file entry.pdb (PDB, C-alpha atoms)
ATOM      1  CA  MET G  11       1.682 -12.516  11.493
ATOM      2  CA  ASP G  12       4.582 -14.871  11.000
ATOM      3  CA  ILE G  13       2.797 -17.973   9.730
ATOM      4  CA  ASP G  14       5.997 -20.014   9.131
ATOM      5  CA  THR G  15       5.484 -19.875   5.348
ATOM      6  CA  PRO G  16       5.424 -16.914   2.956
ATOM      7  CA  LEU G  17       1.931 -17.687   1.689
ATOM      8  CA  ARG G  18      -0.920 -19.893   2.826
ATOM      9  CA  GLU G  19      -3.515 -20.737   0.198
ATOM     10  CA  LEU G  20      -6.988 -20.733   1.758
ATOM     11  CA  GLY G  21      -8.661 -22.093  -1.362
ATOM     12  CA  PRO G  22     -11.722 -21.179  -3.390
ATOM     13  CA  VAL G  23     -14.182 -18.559  -2.173
ATOM     14  CA  ASP G  24     -17.409 -17.166  -3.601
ATOM     15  CA  ALA G  25     -16.167 -13.613  -4.031
ATOM     16  CA  GLN G  26     -18.369 -12.642  -6.988
ATOM     17  CA  PRO G  27     -20.820 -10.472  -4.984
ATOM     18  CA  LEU G  28     -17.870  -8.573  -3.463
ATOM     19  CA  ILE G  29     -16.129  -8.324  -6.837
ATOM     20  CA  ASP G  30     -19.262  -6.886  -8.451
ATOM     21  CA  ALA G  31     -19.760  -4.372  -5.628
ATOM     22  CA  VAL G  32     -16.133  -3.189  -5.583
ATOM     23  CA  LEU G  33     -15.906  -2.890  -9.365
ATOM     24  CA  GLY G  34     -19.195  -0.972  -9.330
ATOM     25  CA  MET G  35     -17.978   1.690  -6.912
ATOM     26  CA  ALA G  36     -17.761   5.249  -8.217
ATOM     27  CA  GLU G  37     -14.266   6.600  -8.875
ATOM     28  CA  GLU G  38     -14.668   9.293  -6.212
ATOM     29  CA  SER G  39     -15.280   6.599  -3.566
ATOM     30  CA  TRP G  40     -11.638   5.535  -3.940
ATOM     31  CA  HIS G  41     -10.522   8.985  -2.739
ATOM     32  CA  VAL G  42     -12.717   9.397   0.361
ATOM     33  CA  ASN G  43     -10.163   7.928   2.786
ATOM     34  CA  GLU G  44      -6.554   8.548   1.721
ATOM     35  CA  TYR G  45      -4.930   8.054   5.122
ATOM     36  CA  ARG G  46      -2.791   5.079   3.997
ATOM     37  CA  GLN G  47      -1.610   6.873   0.868
ATOM     38  CA  ASN G  48      -0.628   9.981   2.819
ATOM     39  CA  ALA G  49       0.854   8.256   5.872
ATOM     40  CA  TYR G  50       2.876   5.473   4.192
ATOM     41  CA  GLU G  51       5.225   6.079   1.278
ATOM     42  CA  VAL G  52       4.842   2.461   0.073
ATOM     43  CA  HIS G  53       1.098   3.044  -0.524
ATOM     44  CA  ARG G  54       1.366   6.313  -2.488
ATOM     45  CA  GLN G  55       0.482   4.577  -5.786
ATOM     46  CA  THR G  56      -2.618   2.920  -4.315
ATOM     47  CA  GLN G  57      -6.211   3.846  -3.602
ATOM     48  CA  SER G  58      -8.476   2.319  -0.956
ATOM     49  CA  LEU G  59     -12.079   1.646  -0.087
ATOM     50  CA  VAL G  60     -11.767   1.349   3.694
ATOM     51  CA  LEU G  61     -14.495  -0.500   5.601
ATOM     52  CA  VAL G  62     -12.825  -1.035   8.995
ATOM     53  CA  PHE G  63      -9.649   0.450  10.452
ATOM     54  CA  CYS G  64      -7.937   0.326  13.834
ATOM     55  CA  ASP G  65      -5.843   2.688  15.875
ATOM     56  CA  GLY G  66      -3.673   2.075  18.942
ATOM     57  CA  TRP G  67      -1.994  -0.899  20.580
ATOM     58  CA  PRO G  68      -2.484  -2.864  22.750
ATOM     59  CA  GLU G  69      -5.689  -0.959  23.483
ATOM     60  CA  MET G  70      -7.302  -0.562  20.075
ATOM     61  CA  THR G  71     -10.149   1.421  18.691
ATOM     62  CA  VAL G  72     -11.728  -0.253  15.661
ATOM     63  CA  THR G  73     -13.882   2.083  13.588
ATOM     64  CA  ARG G  74     -16.245   1.682  10.668
ATOM     65  CA  GLU G  75     -15.058   3.805   7.782
ATOM     66  CA  PRO G  76     -16.803   5.344   4.737
ATOM     67  CA  ALA G  77     -16.953   2.202   2.536
ATOM     68  CA  TRP G  78     -18.623   0.171   5.334
ATOM     69  CA  ASP G  79     -22.168   1.101   4.378
ATOM     70  CA  GLU G  80     -21.625   0.330   0.696
ATOM     71  CA  LEU G  81     -19.731  -2.975   1.021
ATOM     72  CA  LYS G  82     -20.639  -4.568   4.364
ATOM     73  CA  ASP G  83     -23.484  -6.699   2.988
ATOM     74  CA  VAL G  84     -21.152  -8.541   0.609
ATOM     75  CA  ALA G  85     -17.848  -8.293   2.501
ATOM     76  CA  VAL G  86     -18.906  -9.440   5.979
ATOM     77  CA  PRO G  87     -20.411 -12.807   4.925
ATOM     78  CA  LEU G  88     -17.316 -13.585   2.845
ATOM     79  CA  MET G  89     -14.929 -12.682   5.669
ATOM     80  CA  HIS G  90     -16.959 -14.758   8.146
ATOM     81  CA  ASP G  91     -17.002 -17.735   5.762
ATOM     82  CA  ILE G  92     -13.199 -17.663   5.498
ATOM     83  CA  LEU G  93     -12.762 -17.204   9.248
ATOM     84  CA  THR G  94     -15.173 -20.049  10.075
ATOM     85  CA  ARG G  95     -13.310 -22.440   7.797
ATOM     86  CA  HIS G  96      -9.711 -21.524   8.723
ATOM     87  CA  TYR G  97      -9.355 -19.695  12.045
ATOM     88  CA  PRO G  98     -10.355 -20.083  15.699
ATOM     89  CA  PRO G  99     -13.547 -18.266  16.731
ATOM     90  CA  GLY G 100     -13.755 -15.276  19.027
ATOM     91  CA  GLY G 101     -11.324 -12.876  17.376
ATOM     92  CA  THR G 102     -11.886  -9.479  15.802
ATOM     93  CA  ILE G 103     -11.599  -8.109  12.290
ATOM     94  CA  ILE G 104      -9.435  -5.036  12.865
ATOM     95  CA  ARG G 105      -8.957  -3.874   9.264
ATOM     96  CA  ALA G 106     -10.864  -4.429   6.029
ATOM     97  CA  MET G 107     -10.440  -2.648   2.713
ATOM     98  CA  ALA G 108     -10.282  -2.976  -1.030
ATOM     99  CA  ALA G 109      -6.845  -1.803  -2.161
ATOM    100  CA  LYS G 110      -6.157  -0.753  -5.728
ATOM    101  CA  LEU G 111      -2.634  -0.706  -7.146
ATOM    102  CA  LEU G 112      -2.773   1.496 -10.193
ATOM    103  CA  ALA G 113      -1.560   0.233 -13.561
ATOM    104  CA  GLY G 114       2.200   0.754 -13.651
ATOM    105  CA  GLY G 115       2.270   1.185  -9.869
ATOM    106  CA  ILE G 116       4.635  -0.286  -7.301
ATOM    107  CA  ILE G 117       4.341  -1.090  -3.608
ATOM    108  CA  SER G 118       8.014  -1.202  -2.672
ATOM    109  CA  PRO G 119       9.451  -3.935  -0.405
ATOM    110  CA  HIS G 120       8.384  -3.498   3.201
ATOM    111  CA  ARG G 121       7.447  -5.439   6.303
ATOM    112  CA  ASP G 122       4.290  -4.561   8.247
ATOM    113  CA  SER G 123       5.796  -3.455  11.537
ATOM    114  CA  HIS G 124       2.942  -2.123  13.693
ATOM    115  CA  PRO G 125       2.368  -4.541  16.632
ATOM    116  CA  SER G 126      -1.166  -5.295  15.439
ATOM    117  CA  PHE G 127       0.317  -6.816  12.262
ATOM    118  CA  VAL G 128       2.554  -9.105  14.294
ATOM    119  CA  HIS G 129      -0.500 -10.589  16.024
ATOM    120  CA  SER G 130      -3.099 -10.640  13.240
ATOM    121  CA  HIS G 131      -3.686 -12.766  10.154
ATOM    122  CA  ARG G 132      -3.572 -10.774   6.864
ATOM    123  CA  ILE G 133      -5.958 -12.260   4.317
ATOM    124  CA  HIS G 134      -6.099 -11.301   0.626
ATOM    125  CA  ILE G 135      -9.024 -11.895  -1.729
ATOM    126  CA  PRO G 136      -8.201 -10.857  -5.314
ATOM    127  CA  ILE G 137     -10.859  -8.700  -6.965
ATOM    128  CA  SER G 138      -9.043  -8.089 -10.259
ATOM    129  CA  THR G 139      -5.554  -8.841 -11.505
ATOM    130  CA  ASN G 140      -3.582  -9.174 -14.714
ATOM    131  CA  THR G 141      -0.538 -11.036 -16.014
ATOM    132  CA  GLY G 142       1.674  -8.028 -15.307
ATOM    133  CA  VAL G 143       1.133  -8.211 -11.535
ATOM    134  CA  ARG G 144       4.041  -9.610  -9.542
ATOM    135  CA  PHE G 145       3.563 -10.122  -5.783
ATOM    136  CA  MET G 146       6.804 -10.900  -3.979
ATOM    137  CA  ILE G 147       7.021 -12.351  -0.459
ATOM    138  CA  GLY G 148      10.392 -13.114   1.079
ATOM    139  CA  GLY G 149      12.090 -12.726  -2.291
ATOM    140  CA  ARG G 150       9.823 -15.197  -4.142
ATOM    141  CA  PRO G 151       7.103 -14.340  -6.695
ATOM    142  CA  TYR G 152       3.508 -15.425  -6.155
ATOM    143  CA  ARG G 153       0.460 -15.161  -8.381
ATOM    144  CA  PHE G 154      -2.914 -14.607  -6.775
ATOM    145  CA  GLU G 155      -5.994 -15.817  -8.645
ATOM    146  CA  VAL G 156      -9.463 -14.320  -8.549
ATOM    147  CA  GLY G 157     -11.815 -16.792  -6.846
ATOM    148  CA  ASN G 158      -9.292 -17.835  -4.189
ATOM    149  CA  ALA G 159      -8.227 -16.445  -0.808
ATOM    150  CA  TYR G 160      -4.717 -16.273   0.615
ATOM    151  CA  GLU G 161      -2.998 -15.433   3.874
ATOM    152  CA  ILE G 162       0.333 -13.671   3.514
ATOM    153  CA  ASN G 163       3.168 -13.625   5.999
ATOM    154  CA  ASN G 164       3.332  -9.867   6.473
ATOM    155  CA  GLN G 165       6.384 -10.247   8.711
ATOM    156  CA  LYS G 166       8.445 -11.088   5.637
ATOM    157  CA  HIS G 167       9.394  -8.368   3.197
ATOM    158  CA  HIS G 168       6.749  -8.153   0.504
ATOM    159  CA  SER G 169       6.094  -5.971  -2.505
ATOM    160  CA  VAL G 170       3.818  -5.702  -5.522
ATOM    161  CA  MET G 171       4.505  -4.466  -9.036
ATOM    162  CA  ASN G 172       1.714  -3.889 -11.518
ATOM    163  CA  ASN G 173       3.326  -3.816 -14.950
ATOM    164  CA  GLY G 174      -0.065  -4.389 -16.569
ATOM    165  CA  SER G 175      -2.272  -1.852 -18.291
ATOM    166  CA  GLU G 176      -5.150  -2.420 -15.835
ATOM    167  CA  ASP G 177      -5.413  -1.652 -12.132
ATOM    168  CA  ARG G 178      -5.009  -4.539  -9.694
ATOM    169  CA  ILE G 179      -7.527  -4.680  -6.840
ATOM    170  CA  THR G 180      -7.446  -6.954  -3.821
ATOM    171  CA  PHE G 181      -9.672  -7.089  -0.744
ATOM    172  CA  ILE G 182      -7.550  -7.271   2.405
ATOM    173  CA  PHE G 183      -8.655  -7.934   5.946
ATOM    174  CA  ASP G 184      -6.795  -8.479   9.210
ATOM    175  CA  TYR G 185      -8.109 -10.920  11.796
ATOM    176  CA  LEU G 186      -6.850 -10.663  15.367
ATOM    177  CA  PRO G 187      -7.408 -13.980  17.201
ATOM    178  CA  ALA G 188      -8.988 -13.812  20.664
ATOM    179  CA  GLN G 189      -5.835 -14.906  22.500
ATOM    180  CA  ALA G 190      -3.909 -11.994  20.925
ATOM    181  CA  ALA G 191      -6.623  -9.388  21.478
TER     182      ALA G 191
END

call {"tool": "encode", "arguments": {"input": "entry.pdb", "output": "structure tokens"}}
result
Amino acid sequence: MDIDTPLRELGPVDAQPLIDAVLGMAEESWHVNEYRQNAYEVHRQTQSLVLVFCDGWPEMTVTREPAWDELKDVAVPLMHDILTRHYPPGGTIIRAMAAKLLAGGIISPHRDSHPSFVHSHRIHIPISTNTGVRFMIGGRPYRFEVGNAYEINNQKHHSVMNNGSEDRITFIFDYLPAQAA
């Protein structure tokens, strides 16, 4: 969604239960759903734990995916806390996933073009990061800190480089407000 600024800081969140759960997931869990990596060139150097995903527009089907059962108990309360504090009620979470950018990996500059991205808020909750991670939005670098949440303007070109020696993981969810649904 074009939010009239590249990045909106949503402030501190209690993400520790989600962080612990995501970091505790087995390596094979990151390979159960590789749709994004296979369908989108920009995500080839990533891995995902997908909880919720949508298909279609404007009629959408939102489905629970393999990581739902393992992460819902810690992810849903955190998402609802953020939504209650920052967004109008009545909308729908249409995507939710932990996304890992491998050490040395790149998500090349792109703009999220599917119509659902134009109408939904894209919220990031860092799970792990390092000093070698560079997140660019609209040509400017931003640093995301664990313990905070952010909304990005996914209608601007954005990219991520992980020049660190550790993987970078962020929890991402998309919220479609009721008036856009």

call {"tool": "atom_distance", "arguments": {"input": "entry.pdb", "atom1": "atom CA of Arg153 of chain G", "atom2": "atom CA of Ala85 of chain G"}}
result
22.4 Å

call {"tool": "closest_residue", "arguments": {"input": "entry.pdb", "among": "G:Asp83, G:Asn48, G:Ile137, G:Met70", "to": "Asp30 of chain G", "atoms": "all atoms listed in the file"}}
result
G:Ile137

call {"tool": "residues_around", "arguments": {"input": "entry.pdb", "residues": "Asp14 of chain G", "least_positions_apart": "4", "cutoff": "12 Å", "atoms": "all atoms listed in the file", "output": "PyMOL selection string"}}
result
chain G and resi 18+148+161-166

call {"tool": "write_last_selection", "arguments": {"input": "entry.pdb", "atoms": "C-alpha atoms", "output": "PDB file, keeping the file's coordinate frame"}}
result
ATOM      1  CA  ARG G  18      -0.920 -19.893   2.826  1.00  0.00           C
ATOM      2  CA  GLY G 148      10.392 -13.114   1.079  1.00  0.00           C
ATOM      3  CA  GLU G 161      -2.998 -15.433   3.874  1.00  0.00           C
ATOM      4  CA  ILE G 162       0.333 -13.671   3.514  1.00  0.00           C
ATOM      5  CA  ASN G 163       3.168 -13.625   5.999  1.00  0.00           C
ATOM      6  CA  ASN G 164       3.332  -9.867   6.473  1.00  0.00           C
ATOM      7  CA  GLN G 165       6.384 -10.247   8.711  1.00  0.00           C
ATOM      8  CA  LYS G 166       8.445 -11.088   5.637  1.00  0.00           C
TER       9      LYS G 166
END

call {"tool": "resolve_selection", "arguments": {"input": "entry.pdb", "expression": "the PyMOL selection byres ((chain G and resi 108) around 6)", "output": "VMD selection string"}}
result
chain G and resid 58 to 59 107 109 180 to 181

call {"tool": "resolve_selection", "arguments": {"input": "entry.pdb", "expression": "the PyMOL selection byres ((chain G and resi 157) around 12)", "output": "list in words"}}
result
Glu19, Leu20, Gly21, Pro22, Val23, Asp24, Ala25, Gln26, Pro27, Leu28, Ile29, Leu88, His134, Ile135, Pro136, Ile137, Ser138, Thr139, Phe154, Glu155, Val156, Asn158, Ala159, Tyr160, Thr180 and Phe181 of chain G

call {"tool": "closest_residue", "arguments": {"input": "entry.pdb", "among": "G:Tyr97, G:Arg150, G:Glu38, G:Met89", "to": "Phe183 of chain G", "atoms": "all atoms listed in the file"}}
result
G:Met89

call {"tool": "residues_around", "arguments": {"input": "entry.pdb", "residues": "Glu51 of chain G", "least_positions_apart": "2", "cutoff": "12 Å", "atoms": "all atoms listed in the file", "output": "ChimeraX atom specification"}}
result
/G:45-49,53-56,116-120

call {"tool": "closest_residue", "arguments": {"input": "entry.pdb", "among": "G:Pro187, G:Pro98, G:Arg105, G:Leu33", "to": "Thr71 of chain G", "atoms": "all atoms listed in the file"}}
result
G:Arg105

call {"tool": "resolve_selection", "arguments": {"input": "entry.pdb", "expression": "the PyMOL selection byres ((chain G and resi 178) around 10)", "output": "PDB file with C-alpha atoms, keeping the file's coordinate frame"}}
result
ATOM      1  CA  THR G  56      -2.618   2.920  -4.315  1.00  0.00           C
ATOM      2  CA  ALA G 109      -6.845  -1.803  -2.161  1.00  0.00           C
ATOM      3  CA  LYS G 110      -6.157  -0.753  -5.728  1.00  0.00           C
ATOM      4  CA  LEU G 111      -2.634  -0.706  -7.146  1.00  0.00           C
ATOM      5  CA  LEU G 112      -2.773   1.496 -10.193  1.00  0.00           C
ATOM      6  CA  ALA G 113      -1.560   0.233 -13.561  1.00  0.00           C
ATOM      7  CA  GLY G 114       2.200   0.754 -13.651  1.00  0.00           C
ATOM      8  CA  GLY G 115       2.270   1.185  -9.869  1.00  0.00           C
ATOM      9  CA  PRO G 136      -8.201 -10.857  -5.314  1.00  0.00           C
ATOM     10  CA  ILE G 137     -10.859  -8.700  -6.965  1.00  0.00           C
ATOM     11  CA  SER G 138      -9.043  -8.089 -10.259  1.00  0.00           C
ATOM     12  CA  THR G 139      -5.554  -8.841 -11.505  1.00  0.00           C
ATOM     13  CA  ASN G 140      -3.582  -9.174 -14.714  1.00  0.00           C
ATOM     14  CA  GLY G 142       1.674  -8.028 -15.307  1.00  0.00           C
ATOM     15  CA  VAL G 143       1.133  -8.211 -11.535  1.00  0.00           C
ATOM     16  CA  VAL G 170       3.818  -5.702  -5.522  1.00  0.00           C
ATOM     17  CA  MET G 171       4.505  -4.466  -9.036  1.00  0.00           C
ATOM     18  CA  ASN G 172       1.714  -3.889 -11.518  1.00  0.00           C
ATOM     19  CA  ASN G 173       3.326  -3.816 -14.950  1.00  0.00           C
ATOM     20  CA  GLY G 174      -0.065  -4.389 -16.569  1.00  0.00           C
ATOM     21  CA  SER G 175      -2.272  -1.852 -18.291  1.00  0.00           C
ATOM     22  CA  GLU G 176      -5.150  -2.420 -15.835  1.00  0.00           C
ATOM     23  CA  ASP G 177      -5.413  -1.652 -12.132  1.00  0.00           C
ATOM     24  CA  ILE G 179      -7.527  -4.680  -6.840  1.00  0.00           C
ATOM     25  CA  THR G 180      -7.446  -6.954  -3.821  1.00  0.00           C
TER      26      THR G 180
END

call {"tool": "build_atoms", "arguments": {"input": "entry.pdb", "residues": "segment 13-24 of chain G", "atoms": "N, CA and C atoms", "output": "compact mmCIF listing (two decimals), in the frame of the given file"}}
result
# COMPACT_ATOMS: atom_id res chain seq x y z
N ILE G 13 3.54 -16.72 9.83
CA ILE G 13 2.80 -17.97 9.73
C ILE G 13 3.70 -19.13 9.29
N ASP G 14 5.01 -18.96 9.43
CA ASP G 14 6.00 -20.01 9.13
C ASP G 14 6.06 -20.40 7.66
N THR G 15 5.41 -19.68 6.79
CA THR G 15 5.48 -19.88 5.35
C THR G 15 5.18 -18.52 4.72
N PRO G 16 5.72 -18.22 3.55
CA PRO G 16 5.42 -16.91 2.96
C PRO G 16 3.95 -16.71 2.61
N LEU G 17 3.31 -17.79 2.15
CA LEU G 17 1.93 -17.69 1.69
C LEU G 17 1.17 -18.95 2.05
N ARG G 18 -0.04 -18.76 2.54
CA ARG G 18 -0.92 -19.89 2.83
C ARG G 18 -2.14 -19.77 1.93
N GLU G 19 -2.35 -20.75 1.07
CA GLU G 19 -3.52 -20.74 0.20
C GLU G 19 -4.72 -21.22 1.00
N LEU G 20 -5.78 -20.40 1.02
CA LEU G 20 -6.99 -20.73 1.76
C LEU G 20 -8.04 -21.37 0.86
N GLY G 21 -7.79 -21.40 -0.44
CA GLY G 21 -8.66 -22.09 -1.36
C GLY G 21 -9.74 -21.24 -1.96
N PRO G 22 -10.65 -21.89 -2.68
CA PRO G 22 -11.72 -21.18 -3.39
C PRO G 22 -12.69 -20.47 -2.44
N VAL G 23 -13.16 -19.32 -2.89
CA VAL G 23 -14.18 -18.56 -2.17
C VAL G 23 -15.18 -18.02 -3.19
N ASP G 24 -16.40 -17.78 -2.74
CA ASP G 24 -17.41 -17.17 -3.60
C ASP G 24 -17.32 -15.66 -3.42
